[in-house]
Amino acid sequence: MPPEEHGKRLLLRGRAKNVNMKQKQLHLGNRTGIIVNGTADSFNKIFHLKREYESHGYETMMVFVGTSNK
């Protein structure tokens with residue numbers, strides 16, 4: 001976004017984070033399945049998510065999928 005739309009970007013990003021947080025709380029409360037999709041470039045982030053889900057009674061695992069950039 002152009003610099004003049006920075007405030008609008010922050011507002012939309014904040015709303016999206018709130019929606020994601022509410023969805024996560026619903027999933028944890030209802031014990032529905034959760035898939036975390038990502039590159040795991042941040043070990044600490046993935047590690048803390050794993051610990052959080054396990055503290056709620058979830059079993060966790062990591063699946064590695066090797067693909068080419070094509």
# chains A, B, ... in the order shown; residues from 1 in each chain; ligands from 1
>>> residues_around(residues="A:Gly33", least_positions_apart="4", cutoff="9 Å", atoms="only C-alpha atoms", output="PyMOL selection string")
chain A and resi 27-28+58
>>> write_last_selection(atoms="N, CA and C atoms", output="PDB file, in the first residue's frame")
ATOM      1  N   HIS A  27     -11.929 -22.841  17.887  1.00  0.00           N
ATOM      2  CA  HIS A  27     -11.374 -24.168  17.608  1.00  0.00           C
ATOM      3  C   HIS A  27     -10.876 -24.836  18.879  1.00  0.00           C
ATOM      4  N   LEU A  28     -10.149 -24.089  19.701  1.00  0.00           N
ATOM      5  CA  LEU A  28      -9.628 -24.667  20.938  1.00  0.00           C
ATOM      6  C   LEU A  28     -10.764 -25.057  21.871  1.00  0.00           C
ATOM      7  N   TYR A  58      -4.317 -31.372  22.563  1.00  0.00           N
ATOM      8  CA  TYR A  58      -4.104 -31.786  21.176  1.00  0.00           C
ATOM      9  C   TYR A  58      -2.845 -32.634  21.057  1.00  0.00           C
TER      10      TYR A  58
END
>>> select_by_dssp(residues="chain A", states="alpha helix (DSSP H)", output="PDB file with all heavy atoms, in the first residue's frame")
ATOM      1  N   HIS A   6      -1.260   3.914   4.970  1.00  0.00           N
ATOM      2  CA  HIS A   6      -0.691   3.157   6.084  1.00  0.00           C
ATOM      3  C   HIS A   6      -1.700   2.976   7.225  1.00  0.00           C
ATOM      4  O   HIS A   6      -1.832   1.884   7.775  1.00  0.00           O
ATOM      5  CB  HIS A   6       0.581   3.841   6.597  1.00  0.00           C
ATOM      6  CG  HIS A   6       1.264   3.093   7.683  1.00  0.00           C
ATOM      7  ND1 HIS A   6       1.920   1.905   7.474  1.00  0.00           N
ATOM      8  CD2 HIS A   6       1.376   3.350   9.013  1.00  0.00           C
ATOM      9  CE1 HIS A   6       2.405   1.465   8.616  1.00  0.00           C
ATOM     10  NE2 HIS A   6       2.106   2.325   9.567  1.00  0.00           N
ATOM     11  N   GLY A   7      -2.412   4.033   7.570  1.00  0.00           N
ATOM     12  CA  GLY A   7      -3.397   3.941   8.652  1.00  0.00           C
ATOM     13  C   GLY A   7      -4.496   2.947   8.330  1.00  0.00           C
ATOM     14  O   GLY A   7      -4.921   2.158   9.187  1.00  0.00           O
ATOM     15  N   LYS A   8      -4.959   2.961   7.085  1.00  0.00           N
ATOM     16  CA  LYS A   8      -6.006   2.028   6.654  1.00  0.00           C
ATOM     17  C   LYS A   8      -5.493   0.588   6.729  1.00  0.00           C
ATOM     18  O   LYS A   8      -6.190  -0.317   7.161  1.00  0.00           O
ATOM     19  CB  LYS A   8      -6.429   2.359   5.225  1.00  0.00           C
ATOM     20  CG  LYS A   8      -7.530   1.504   4.686  1.00  0.00           C
ATOM     21  CD  LYS A   8      -7.898   1.942   3.263  1.00  0.00           C
ATOM     22  CE  LYS A   8      -8.990   1.075   2.690  1.00  0.00           C
ATOM     23  NZ  LYS A   8      -9.321   1.474   1.311  1.00  0.00           N
ATOM     24  N   ARG A   9      -4.226   0.398   6.331  1.00  0.00           N
ATOM     25  CA  ARG A   9      -3.616  -0.926   6.380  1.00  0.00           C
ATOM     26  C   ARG A   9      -3.566  -1.438   7.814  1.00  0.00           C
ATOM     27  O   ARG A   9      -3.913  -2.593   8.082  1.00  0.00           O
ATOM     28  CB  ARG A   9      -2.202  -0.873   5.807  1.00  0.00           C
ATOM     29  CG  ARG A   9      -1.463  -2.185   5.880  1.00  0.00           C
ATOM     30  CD  ARG A   9      -0.022  -2.020   5.380  1.00  0.00           C
ATOM     31  NE  ARG A   9       0.699  -3.248   5.411  1.00  0.00           N
ATOM     32  CZ  ARG A   9       1.356  -3.731   6.473  1.00  0.00           C
ATOM     33  NH1 ARG A   9       1.383  -3.043   7.586  1.00  0.00           N
ATOM     34  NH2 ARG A   9       1.980  -4.871   6.418  1.00  0.00           N
ATOM     35  N   LEU A  10      -3.157  -0.593   8.745  1.00  0.00           N
ATOM     36  CA  LEU A  10      -3.080  -1.005  10.145  1.00  0.00           C
ATOM     37  C   LEU A  10      -4.455  -1.376  10.688  1.00  0.00           C
ATOM     38  O   LEU A  10      -4.596  -2.335  11.453  1.00  0.00           O
ATOM     39  CB  LEU A  10      -2.448   0.097  10.986  1.00  0.00           C
ATOM     40  CG  LEU A  10      -0.958   0.349  10.769  1.00  0.00           C
ATOM     41  CD1 LEU A  10      -0.485   1.517  11.632  1.00  0.00           C
ATOM     42  CD2 LEU A  10      -0.151  -0.892  11.073  1.00  0.00           C
ATOM     43  N   LEU A  11      -5.471  -0.606  10.312  1.00  0.00           N
ATOM     44  CA  LEU A  11      -6.829  -0.892  10.768  1.00  0.00           C
ATOM     45  C   LEU A  11      -7.295  -2.251  10.255  1.00  0.00           C
ATOM     46  O   LEU A  11      -7.812  -3.077  11.011  1.00  0.00           O
ATOM     47  CB  LEU A  11      -7.778   0.211  10.305  1.00  0.00           C
ATOM     48  CG  LEU A  11      -9.245   0.032  10.661  1.00  0.00           C
ATOM     49  CD1 LEU A  11      -9.438   0.118  12.170  1.00  0.00           C
ATOM     50  CD2 LEU A  11     -10.091   1.088   9.965  1.00  0.00           C
ATOM     51  N   LEU A  12      -7.100  -2.501   8.953  1.00  0.00           N
ATOM     52  CA  LEU A  12      -7.524  -3.773   8.365  1.00  0.00           C
ATOM     53  C   LEU A  12      -6.732  -4.943   8.949  1.00  0.00           C
ATOM     54  O   LEU A  12      -7.290  -6.005   9.224  1.00  0.00           O
ATOM     55  CB  LEU A  12      -7.354  -3.738   6.847  1.00  0.00           C
ATOM     56  CG  LEU A  12      -8.296  -2.797   6.100  1.00  0.00           C
ATOM     57  CD1 LEU A  12      -7.929  -2.720   4.629  1.00  0.00           C
ATOM     58  CD2 LEU A  12      -9.744  -3.231   6.269  1.00  0.00           C
ATOM     59  N   ARG A  13      -5.448  -4.741   9.159  1.00  0.00           N
ATOM     60  CA  ARG A  13      -4.613  -5.791   9.732  1.00  0.00           C
ATOM     61  C   ARG A  13      -5.067  -6.114  11.159  1.00  0.00           C
ATOM     62  O   ARG A  13      -5.125  -7.276  11.567  1.00  0.00           O
ATOM     63  CB  ARG A  13      -3.150  -5.359   9.728  1.00  0.00           C
ATOM     64  CG  ARG A  13      -2.196  -6.433  10.132  1.00  0.00           C
ATOM     65  CD  ARG A  13      -0.759  -6.020   9.812  1.00  0.00           C
ATOM     66  NE  ARG A  13       0.147  -7.110  10.040  1.00  0.00           N
ATOM     67  CZ  ARG A  13       0.917  -7.230  11.114  1.00  0.00           C
ATOM     68  NH1 ARG A  13       0.911  -6.304  12.048  1.00  0.00           N
ATOM     69  NH2 ARG A  13       1.696  -8.260  11.260  1.00  0.00           N
ATOM     70  N   GLY A  14      -5.400  -5.094  11.925  1.00  0.00           N
ATOM     71  CA  GLY A  14      -5.895  -5.300  13.286  1.00  0.00           C
ATOM     72  C   GLY A  14      -7.191  -6.082  13.309  1.00  0.00           C
ATOM     73  O   GLY A  14      -7.369  -6.982  14.131  1.00  0.00           O
ATOM     74  N   ARG A  15      -8.082  -5.753  12.379  1.00  0.00           N
ATOM     75  CA  ARG A  15      -9.351  -6.497  12.298  1.00  0.00           C
ATOM     76  C   ARG A  15      -9.116  -7.960  11.939  1.00  0.00           C
ATOM     77  O   ARG A  15      -9.748  -8.861  12.505  1.00  0.00           O
ATOM     78  CB  ARG A  15     -10.271  -5.860  11.269  1.00  0.00           C
ATOM     79  CG  ARG A  15     -10.855  -4.551  11.704  1.00  0.00           C
ATOM     80  CD  ARG A  15     -11.771  -3.992  10.657  1.00  0.00           C
ATOM     81  NE  ARG A  15     -12.275  -2.693  11.038  1.00  0.00           N
ATOM     82  CZ  ARG A  15     -12.885  -1.869  10.216  1.00  0.00           C
ATOM     83  NH1 ARG A  15     -13.073  -2.202   8.957  1.00  0.00           N
ATOM     84  NH2 ARG A  15     -13.325  -0.710  10.642  1.00  0.00           N
ATOM     85  N   ALA A  16      -8.216  -8.197  10.986  1.00  0.00           N
ATOM     86  CA  ALA A  16      -7.917  -9.566  10.573  1.00  0.00           C
ATOM     87  C   ALA A  16      -7.320 -10.362  11.737  1.00  0.00           C
ATOM     88  O   ALA A  16      -7.662 -11.532  11.941  1.00  0.00           O
ATOM     89  CB  ALA A  16      -6.963  -9.563   9.390  1.00  0.00           C
ATOM     90  N   LYS A  17      -6.448  -9.747  12.509  1.00  0.00           N
ATOM     91  CA  LYS A  17      -5.861 -10.432  13.670  1.00  0.00           C
ATOM     92  C   LYS A  17      -6.932 -10.777  14.692  1.00  0.00           C
ATOM     93  O   LYS A  17      -6.896 -11.853  15.299  1.00  0.00           O
ATOM     94  CB  LYS A  17      -4.777  -9.565  14.306  1.00  0.00           C
ATOM     95  CG  LYS A  17      -3.487  -9.563  13.543  1.00  0.00           C
ATOM     96  CD  LYS A  17      -2.424  -8.816  14.318  1.00  0.00           C
ATOM     97  CE  LYS A  17      -1.063  -9.135  13.763  1.00  0.00           C
ATOM     98  NZ  LYS A  17       0.007  -8.876  14.699  1.00  0.00           N
ATOM     99  N   ASN A  18      -7.884  -9.876  14.912  1.00  0.00           N
ATOM    100  CA  ASN A  18      -8.970 -10.156  15.856  1.00  0.00           C
ATOM    101  C   ASN A  18      -9.820 -11.321  15.387  1.00  0.00           C
ATOM    102  O   ASN A  18     -10.211 -12.182  16.187  1.00  0.00           O
ATOM    103  CB  ASN A  18      -9.842  -8.918  16.059  1.00  0.00           C
ATOM    104  CG  ASN A  18      -9.169  -7.869  16.905  1.00  0.00           C
ATOM    105  OD1 ASN A  18      -8.265  -8.158  17.680  1.00  0.00           O
ATOM    106  ND2 ASN A  18      -9.593  -6.620  16.757  1.00  0.00           N
ATOM    107  N   VAL A  19     -10.129 -11.374  14.093  1.00  0.00           N
ATOM    108  CA  VAL A  19     -10.918 -12.486  13.549  1.00  0.00           C
ATOM    109  C   VAL A  19     -10.160 -13.793  13.727  1.00  0.00           C
ATOM    110  O   VAL A  19     -10.734 -14.799  14.156  1.00  0.00           O
ATOM    111  CB  VAL A  19     -11.257 -12.238  12.061  1.00  0.00           C
ATOM    112  CG1 VAL A  19     -11.830 -13.499  11.414  1.00  0.00           C
ATOM    113  CG2 VAL A  19     -12.246 -11.087  11.930  1.00  0.00           C
ATOM    114  N   ASN A  20      -8.868 -13.782  13.415  1.00  0.00           N
ATOM    115  CA  ASN A  20      -8.062 -14.997  13.576  1.00  0.00           C
ATOM    116  C   ASN A  20      -8.015 -15.449  15.027  1.00  0.00           C
ATOM    117  O   ASN A  20      -8.090 -16.650  15.313  1.00  0.00           O
ATOM    118  CB  ASN A  20      -6.640 -14.767  13.052  1.00  0.00           C
ATOM    119  CG  ASN A  20      -6.577 -14.799  11.543  1.00  0.00           C
ATOM    120  OD1 ASN A  20      -7.448 -15.364  10.894  1.00  0.00           O
ATOM    121  ND2 ASN A  20      -5.563 -14.183  10.991  1.00  0.00           N
ATOM    122  N   MET A  21      -7.896 -14.523  15.939  1.00  0.00           N
ATOM    123  CA  MET A  21      -7.845 -14.877  17.359  1.00  0.00           C
ATOM    124  C   MET A  21      -9.168 -15.490  17.808  1.00  0.00           C
ATOM    125  O   MET A  21      -9.181 -16.499  18.531  1.00  0.00           O
ATOM    126  CB  MET A  21      -7.523 -13.657  18.218  1.00  0.00           C
ATOM    127  CG  MET A  21      -7.354 -13.992  19.695  1.00  0.00           C
ATOM    128  SD  MET A  21      -6.943 -12.579  20.710  1.00  0.00           S
ATOM    129  CE  MET A  21      -5.348 -12.167  20.047  1.00  0.00           C
ATOM    130  N   LYS A  22     -10.278 -14.930  17.365  1.00  0.00           N
ATOM    131  CA  LYS A  22     -11.589 -15.479  17.733  1.00  0.00           C
ATOM    132  C   LYS A  22     -11.782 -16.874  17.145  1.00  0.00           C
ATOM    133  O   LYS A  22     -12.314 -17.766  17.809  1.00  0.00           O
ATOM    134  CB  LYS A  22     -12.700 -14.543  17.269  1.00  0.00           C
ATOM    135  CG  LYS A  22     -12.771 -13.275  18.091  1.00  0.00           C
ATOM    136  CD  LYS A  22     -13.838 -12.333  17.580  1.00  0.00           C
ATOM    137  CE  LYS A  22     -13.796 -11.027  18.371  1.00  0.00           C
ATOM    138  NZ  LYS A  22     -14.766 -10.055  17.874  1.00  0.00           N
ATOM    139  N   GLN A  23     -11.334 -17.071  15.894  1.00  0.00           N
ATOM    140  CA  GLN A  23     -11.446 -18.395  15.285  1.00  0.00           C
ATOM    141  C   GLN A  23     -10.614 -19.417  16.050  1.00  0.00           C
ATOM    142  O   GLN A  23     -11.056 -20.540  16.290  1.00  0.00           O
ATOM    143  CB  GLN A  23     -10.990 -18.348  13.828  1.00  0.00           C
ATOM    144  CG  GLN A  23     -11.968 -17.674  12.903  1.00  0.00           C
ATOM    145  CD  GLN A  23     -11.446 -17.599  11.484  1.00  0.00           C
ATOM    146  OE1 GLN A  23     -10.250 -17.552  11.250  1.00  0.00           O
ATOM    147  NE2 GLN A  23     -12.361 -17.571  10.532  1.00  0.00           N
ATOM    148  N   LYS A  24      -9.417 -19.019  16.444  1.00  0.00           N
ATOM    149  CA  LYS A  24      -8.545 -19.919  17.192  1.00  0.00           C
ATOM    150  C   LYS A  24      -9.187 -20.305  18.523  1.00  0.00           C
ATOM    151  O   LYS A  24      -9.183 -21.472  18.920  1.00  0.00           O
ATOM    152  CB  LYS A  24      -7.197 -19.247  17.435  1.00  0.00           C
ATOM    153  CG  LYS A  24      -6.199 -20.102  18.157  1.00  0.00           C
ATOM    154  CD  LYS A  24      -4.882 -19.353  18.314  1.00  0.00           C
ATOM    155  CE  LYS A  24      -3.893 -20.102  19.137  1.00  0.00           C
ATOM    156  NZ  LYS A  24      -2.624 -19.385  19.295  1.00  0.00           N
ATOM    157  N   GLN A  25      -9.782 -19.327  19.214  1.00  0.00           N
ATOM    158  CA  GLN A  25     -10.440 -19.605  20.492  1.00  0.00           C
ATOM    159  C   GLN A  25     -11.611 -20.564  20.301  1.00  0.00           C
ATOM    160  O   GLN A  25     -11.820 -21.462  21.127  1.00  0.00           O
ATOM    161  CB  GLN A  25     -10.903 -18.301  21.136  1.00  0.00           C
ATOM    162  CG  GLN A  25      -9.768 -17.442  21.638  1.00  0.00           C
ATOM    163  CD  GLN A  25     -10.222 -16.057  22.064  1.00  0.00           C
ATOM    164  OE1 GLN A  25     -11.331 -15.625  21.768  1.00  0.00           O
ATOM    165  NE2 GLN A  25      -9.347 -15.342  22.755  1.00  0.00           N
ATOM    166  N   LEU A  26     -12.368 -20.397  19.220  1.00  0.00           N
ATOM    167  CA  LEU A  26     -13.484 -21.303  18.940  1.00  0.00           C
ATOM    168  C   LEU A  26     -12.979 -22.716  18.680  1.00  0.00           C
ATOM    169  O   LEU A  26     -13.546 -23.688  19.178  1.00  0.00           O
ATOM    170  CB  LEU A  26     -14.297 -20.805  17.742  1.00  0.00           C
ATOM    171  CG  LEU A  26     -15.196 -19.611  18.003  1.00  0.00           C
ATOM    172  CD1 LEU A  26     -15.786 -19.098  16.690  1.00  0.00           C
ATOM    173  CD2 LEU A  26     -16.302 -19.972  18.970  1.00  0.00           C
ATOM    174  N   HIS A  27     -11.929 -22.841  17.887  1.00  0.00           N
ATOM    175  CA  HIS A  27     -11.374 -24.168  17.608  1.00  0.00           C
ATOM    176  C   HIS A  27     -10.876 -24.836  18.879  1.00  0.00           C
ATOM    177  O   HIS A  27     -11.142 -26.014  19.108  1.00  0.00           O
ATOM    178  CB  HIS A  27     -10.234 -24.074  16.596  1.00  0.00           C
ATOM    179  CG  HIS A  27     -10.691 -23.842  15.190  1.00  0.00           C
ATOM    180  ND1 HIS A  27     -11.455 -24.732  14.494  1.00  0.00           N
ATOM    181  CD2 HIS A  27     -10.486 -22.798  14.358  1.00  0.00           C
ATOM    182  CE1 HIS A  27     -11.703 -24.268  13.294  1.00  0.00           C
ATOM    183  NE2 HIS A  27     -11.122 -23.079  13.180  1.00  0.00           N
ATOM    184  N   LEU A  28     -10.149 -24.089  19.701  1.00  0.00           N
ATOM    185  CA  LEU A  28      -9.628 -24.667  20.938  1.00  0.00           C
ATOM    186  C   LEU A  28     -10.764 -25.057  21.871  1.00  0.00           C
ATOM    187  O   LEU A  28     -10.710 -26.106  22.514  1.00  0.00           O
ATOM    188  CB  LEU A  28      -8.677 -23.695  21.634  1.00  0.00           C
ATOM    189  CG  LEU A  28      -7.344 -23.441  20.933  1.00  0.00           C
ATOM    190  CD1 LEU A  28      -6.562 -22.348  21.666  1.00  0.00           C
ATOM    191  CD2 LEU A  28      -6.525 -24.709  20.843  1.00  0.00           C
ATOM    192  N   GLY A  29     -11.786 -24.232  21.961  1.00  0.00           N
ATOM    193  CA  GLY A  29     -12.914 -24.519  22.838  1.00  0.00           C
ATOM    194  C   GLY A  29     -13.728 -25.712  22.381  1.00  0.00           C
ATOM    195  O   GLY A  29     -14.249 -26.480  23.202  1.00  0.00           O
ATOM    196  N   ASN A  30     -13.836 -25.884  21.064  1.00  0.00           N
ATOM    197  CA  ASN A  30     -14.632 -26.984  20.510  1.00  0.00           C
ATOM    198  C   ASN A  30     -13.811 -28.231  20.218  1.00  0.00           C
ATOM    199  O   ASN A  30     -14.350 -29.237  19.798  1.00  0.00           O
ATOM    200  CB  ASN A  30     -15.321 -26.538  19.219  1.00  0.00           C
ATOM    201  CG  ASN A  30     -16.368 -25.487  19.475  1.00  0.00           C
ATOM    202  OD1 ASN A  30     -17.012 -25.474  20.528  1.00  0.00           O
ATOM    203  ND2 ASN A  30     -16.549 -24.580  18.537  1.00  0.00           N
ATOM    204  N   PHE A  43      11.419 -21.027  14.259  1.00  0.00           N
ATOM    205  CA  PHE A  43      11.308 -22.182  15.143  1.00  0.00           C
ATOM    206  C   PHE A  43      10.554 -21.831  16.419  1.00  0.00           C
ATOM    207  O   PHE A  43       9.701 -22.589  16.876  1.00  0.00           O
ATOM    208  CB  PHE A  43      12.695 -22.734  15.487  1.00  0.00           C
ATOM    209  CG  PHE A  43      12.647 -23.831  16.508  1.00  0.00           C
ATOM    210  CD1 PHE A  43      12.313 -25.117  16.132  1.00  0.00           C
ATOM    211  CD2 PHE A  43      12.908 -23.573  17.841  1.00  0.00           C
ATOM    212  CE1 PHE A  43      12.247 -26.136  17.065  1.00  0.00           C
ATOM    213  CE2 PHE A  43      12.844 -24.586  18.784  1.00  0.00           C
ATOM    214  CZ  PHE A  43      12.518 -25.865  18.397  1.00  0.00           C
ATOM    215  N   ASN A  44      10.865 -20.688  17.019  1.00  0.00           N
ATOM    216  CA  ASN A  44      10.223 -20.310  18.285  1.00  0.00           C
ATOM    217  C   ASN A  44       8.723 -20.181  18.142  1.00  0.00           C
ATOM    218  O   ASN A  44       7.970 -20.607  19.016  1.00  0.00           O
ATOM    219  CB  ASN A  44      10.825 -19.013  18.822  1.00  0.00           C
ATOM    220  CG  ASN A  44      12.211 -19.209  19.370  1.00  0.00           C
ATOM    221  OD1 ASN A  44      12.563 -20.305  19.815  1.00  0.00           O
ATOM    222  ND2 ASN A  44      13.011 -18.168  19.335  1.00  0.00           N
ATOM    223  N   LYS A  45       8.257 -19.601  17.037  1.00  0.00           N
ATOM    224  CA  LYS A  45       6.817 -19.438  16.814  1.00  0.00           C
ATOM    225  C   LYS A  45       6.133 -20.803  16.734  1.00  0.00           C
ATOM    226  O   LYS A  45       5.119 -21.047  17.398  1.00  0.00           O
ATOM    227  CB  LYS A  45       6.573 -18.644  15.537  1.00  0.00           C
ATOM    228  CG  LYS A  45       5.126 -18.425  15.232  1.00  0.00           C
ATOM    229  CD  LYS A  45       4.964 -17.599  13.965  1.00  0.00           C
ATOM    230  CE  LYS A  45       3.509 -17.438  13.605  1.00  0.00           C
ATOM    231  NZ  LYS A  45       3.330 -16.697  12.358  1.00  0.00           N
ATOM    232  N   ILE A  46       6.694 -21.707  15.945  1.00  0.00           N
ATOM    233  CA  ILE A  46       6.114 -23.037  15.787  1.00  0.00           C
ATOM    234  C   ILE A  46       6.181 -23.812  17.109  1.00  0.00           C
ATOM    235  O   ILE A  46       5.227 -24.482  17.509  1.00  0.00           O
ATOM    236  CB  ILE A  46       6.835 -23.818  14.666  1.00  0.00           C
ATOM    237  CG1 ILE A  46       6.649 -23.116  13.316  1.00  0.00           C
ATOM    238  CG2 ILE A  46       6.352 -25.255  14.588  1.00  0.00           C
ATOM    239  CD1 ILE A  46       5.219 -23.040  12.840  1.00  0.00           C
ATOM    240  N   PHE A  47       7.297 -23.696  17.820  1.00  0.00           N
ATOM    241  CA  PHE A  47       7.459 -24.384  19.093  1.00  0.00           C
ATOM    242  C   PHE A  47       6.406 -23.929  20.104  1.00  0.00           C
ATOM    243  O   PHE A  47       5.795 -24.748  20.790  1.00  0.00           O
ATOM    244  CB  PHE A  47       8.872 -24.152  19.635  1.00  0.00           C
ATOM    245  CG  PHE A  47       9.140 -24.830  20.943  1.00  0.00           C
ATOM    246  CD1 PHE A  47       9.323 -26.204  20.999  1.00  0.00           C
ATOM    247  CD2 PHE A  47       9.207 -24.107  22.117  1.00  0.00           C
ATOM    248  CE1 PHE A  47       9.572 -26.833  22.196  1.00  0.00           C
ATOM    249  CE2 PHE A  47       9.455 -24.725  23.324  1.00  0.00           C
ATOM    250  CZ  PHE A  47       9.633 -26.092  23.368  1.00  0.00           C
ATOM    251  N   HIS A  48       6.158 -22.628  20.178  1.00  0.00           N
ATOM    252  CA  HIS A  48       5.164 -22.120  21.132  1.00  0.00           C
ATOM    253  C   HIS A  48       3.745 -22.522  20.737  1.00  0.00           C
ATOM    254  O   HIS A  48       2.922 -22.834  21.609  1.00  0.00           O
ATOM    255  CB  HIS A  48       5.289 -20.604  21.281  1.00  0.00           C
ATOM    256  CG  HIS A  48       6.537 -20.191  22.000  1.00  0.00           C
ATOM    257  ND1 HIS A  48       6.772 -20.481  23.332  1.00  0.00           N
ATOM    258  CD2 HIS A  48       7.636 -19.536  21.570  1.00  0.00           C
ATOM    259  CE1 HIS A  48       7.950 -20.023  23.693  1.00  0.00           C
ATOM    260  NE2 HIS A  48       8.506 -19.440  22.633  1.00  0.00           N
ATOM    261  N   LEU A  49       3.451 -22.543  19.437  1.00  0.00           N
ATOM    262  CA  LEU A  49       2.140 -23.029  18.996  1.00  0.00           C
ATOM    263  C   LEU A  49       1.956 -24.489  19.384  1.00  0.00           C
ATOM    264  O   LEU A  49       0.902 -24.885  19.884  1.00  0.00           O
ATOM    265  CB  LEU A  49       1.989 -22.873  17.487  1.00  0.00           C
ATOM    266  CG  LEU A  49       1.637 -21.499  16.957  1.00  0.00           C
ATOM    267  CD1 LEU A  49       1.675 -21.496  15.431  1.00  0.00           C
ATOM    268  CD2 LEU A  49       0.279 -21.058  17.451  1.00  0.00           C
ATOM    269  N   LYS A  50       2.984 -25.287  19.161  1.00  0.00           N
ATOM    270  CA  LYS A  50       2.928 -26.709  19.512  1.00  0.00           C
ATOM    271  C   LYS A  50       2.645 -26.883  20.998  1.00  0.00           C
ATOM    272  O   LYS A  50       1.759 -27.647  21.387  1.00  0.00           O
ATOM    273  CB  LYS A  50       4.254 -27.371  19.130  1.00  0.00           C
ATOM    274  CG  LYS A  50       4.383 -28.828  19.537  1.00  0.00           C
ATOM    275  CD  LYS A  50       5.744 -29.368  19.115  1.00  0.00           C
ATOM    276  CE  LYS A  50       6.112 -30.703  19.670  1.00  0.00           C
ATOM    277  NZ  LYS A  50       5.135 -31.721  19.729  1.00  0.00           N
ATOM    278  N   ARG A  51       3.377 -26.173  21.826  1.00  0.00           N
ATOM    279  CA  ARG A  51       3.173 -26.278  23.272  1.00  0.00           C
ATOM    280  C   ARG A  51       1.777 -25.812  23.676  1.00  0.00           C
ATOM    281  O   ARG A  51       1.139 -26.408  24.543  1.00  0.00           O
ATOM    282  CB  ARG A  51       4.235 -25.477  24.007  1.00  0.00           C
ATOM    283  CG  ARG A  51       5.599 -26.137  23.930  1.00  0.00           C
ATOM    284  CD  ARG A  51       6.644 -25.393  24.664  1.00  0.00           C
ATOM    285  NE  ARG A  51       6.356 -25.395  26.091  1.00  0.00           N
ATOM    286  CZ  ARG A  51       6.966 -24.641  26.982  1.00  0.00           C
ATOM    287  NH1 ARG A  51       7.923 -23.816  26.599  1.00  0.00           N
ATOM    288  NH2 ARG A  51       6.653 -24.692  28.248  1.00  0.00           N
ATOM    289  N   GLU A  52       1.307 -24.739  23.055  1.00  0.00           N
ATOM    290  CA  GLU A  52      -0.032 -24.240  23.383  1.00  0.00           C
ATOM    291  C   GLU A  52      -1.101 -25.268  23.045  1.00  0.00           C
ATOM    292  O   GLU A  52      -1.978 -25.551  23.856  1.00  0.00           O
ATOM    293  CB  GLU A  52      -0.306 -22.939  22.623  1.00  0.00           C
ATOM    294  CG  GLU A  52      -1.696 -22.385  22.879  1.00  0.00           C
ATOM    295  CD  GLU A  52      -2.024 -21.162  22.053  1.00  0.00           C
ATOM    296  OE1 GLU A  52      -1.194 -20.748  21.227  1.00  0.00           O
ATOM    297  OE2 GLU A  52      -3.123 -20.626  22.239  1.00  0.00           O
ATOM    298  N   TYR A  53      -1.026 -25.842  21.841  1.00  0.00           N
ATOM    299  CA  TYR A  53      -2.036 -26.825  21.439  1.00  0.00           C
ATOM    300  C   TYR A  53      -1.959 -28.078  22.303  1.00  0.00           C
ATOM    301  O   TYR A  53      -2.989 -28.637  22.678  1.00  0.00           O
ATOM    302  CB  TYR A  53      -1.894 -27.175  19.962  1.00  0.00           C
ATOM    303  CG  TYR A  53      -2.238 -26.013  19.045  1.00  0.00           C
ATOM    304  CD1 TYR A  53      -1.495 -25.750  17.923  1.00  0.00           C
ATOM    305  CD2 TYR A  53      -3.304 -25.170  19.326  1.00  0.00           C
ATOM    306  CE1 TYR A  53      -1.798 -24.682  17.091  1.00  0.00           C
ATOM    307  CE2 TYR A  53      -3.613 -24.103  18.508  1.00  0.00           C
ATOM    308  CZ  TYR A  53      -2.862 -23.863  17.392  1.00  0.00           C
ATOM    309  OH  TYR A  53      -3.174 -22.808  16.579  1.00  0.00           O
ATOM    310  N   GLU A  54      -0.753 -28.510  22.641  1.00  0.00           N
ATOM    311  CA  GLU A  54      -0.617 -29.683  23.507  1.00  0.00           C
ATOM    312  C   GLU A  54      -1.171 -29.407  24.899  1.00  0.00           C
ATOM    313  O   GLU A  54      -1.738 -30.300  25.529  1.00  0.00           O
ATOM    314  CB  GLU A  54       0.843 -30.115  23.566  1.00  0.00           C
ATOM    315  CG  GLU A  54       1.311 -30.744  22.275  1.00  0.00           C
ATOM    316  CD  GLU A  54       2.781 -31.075  22.246  1.00  0.00           C
ATOM    317  OE1 GLU A  54       3.552 -30.548  23.077  1.00  0.00           O
ATOM    318  OE2 GLU A  54       3.176 -31.863  21.371  1.00  0.00           O
ATOM    319  N   SER A  55      -1.060 -28.182  25.375  1.00  0.00           N
ATOM    320  CA  SER A  55      -1.615 -27.850  26.695  1.00  0.00           C
ATOM    321  C   SER A  55      -3.136 -27.894  26.691  1.00  0.00           C
ATOM    322  O   SER A  55      -3.752 -28.009  27.746  1.00  0.00           O
ATOM    323  CB  SER A  55      -1.118 -26.477  27.152  1.00  0.00           C
ATOM    324  OG  SER A  55      -1.750 -25.437  26.445  1.00  0.00           O
TER     325      SER A  55
END
>>> atom_distance(atom1="atom CA of A:Arg31", atom2="atom CA of A:Phe64")
24.1 Å
>>> residues_around(residues="A:Val63", least_positions_apart="4", cutoff="12 Å", atoms="only C-alpha atoms", output="MDAnalysis selection string")
chainID A and resid 35:40
>>> atom_distance(atom1="atom CA of A:Gly57", atom2="atom CA of A:Ser42")
23.3 Å
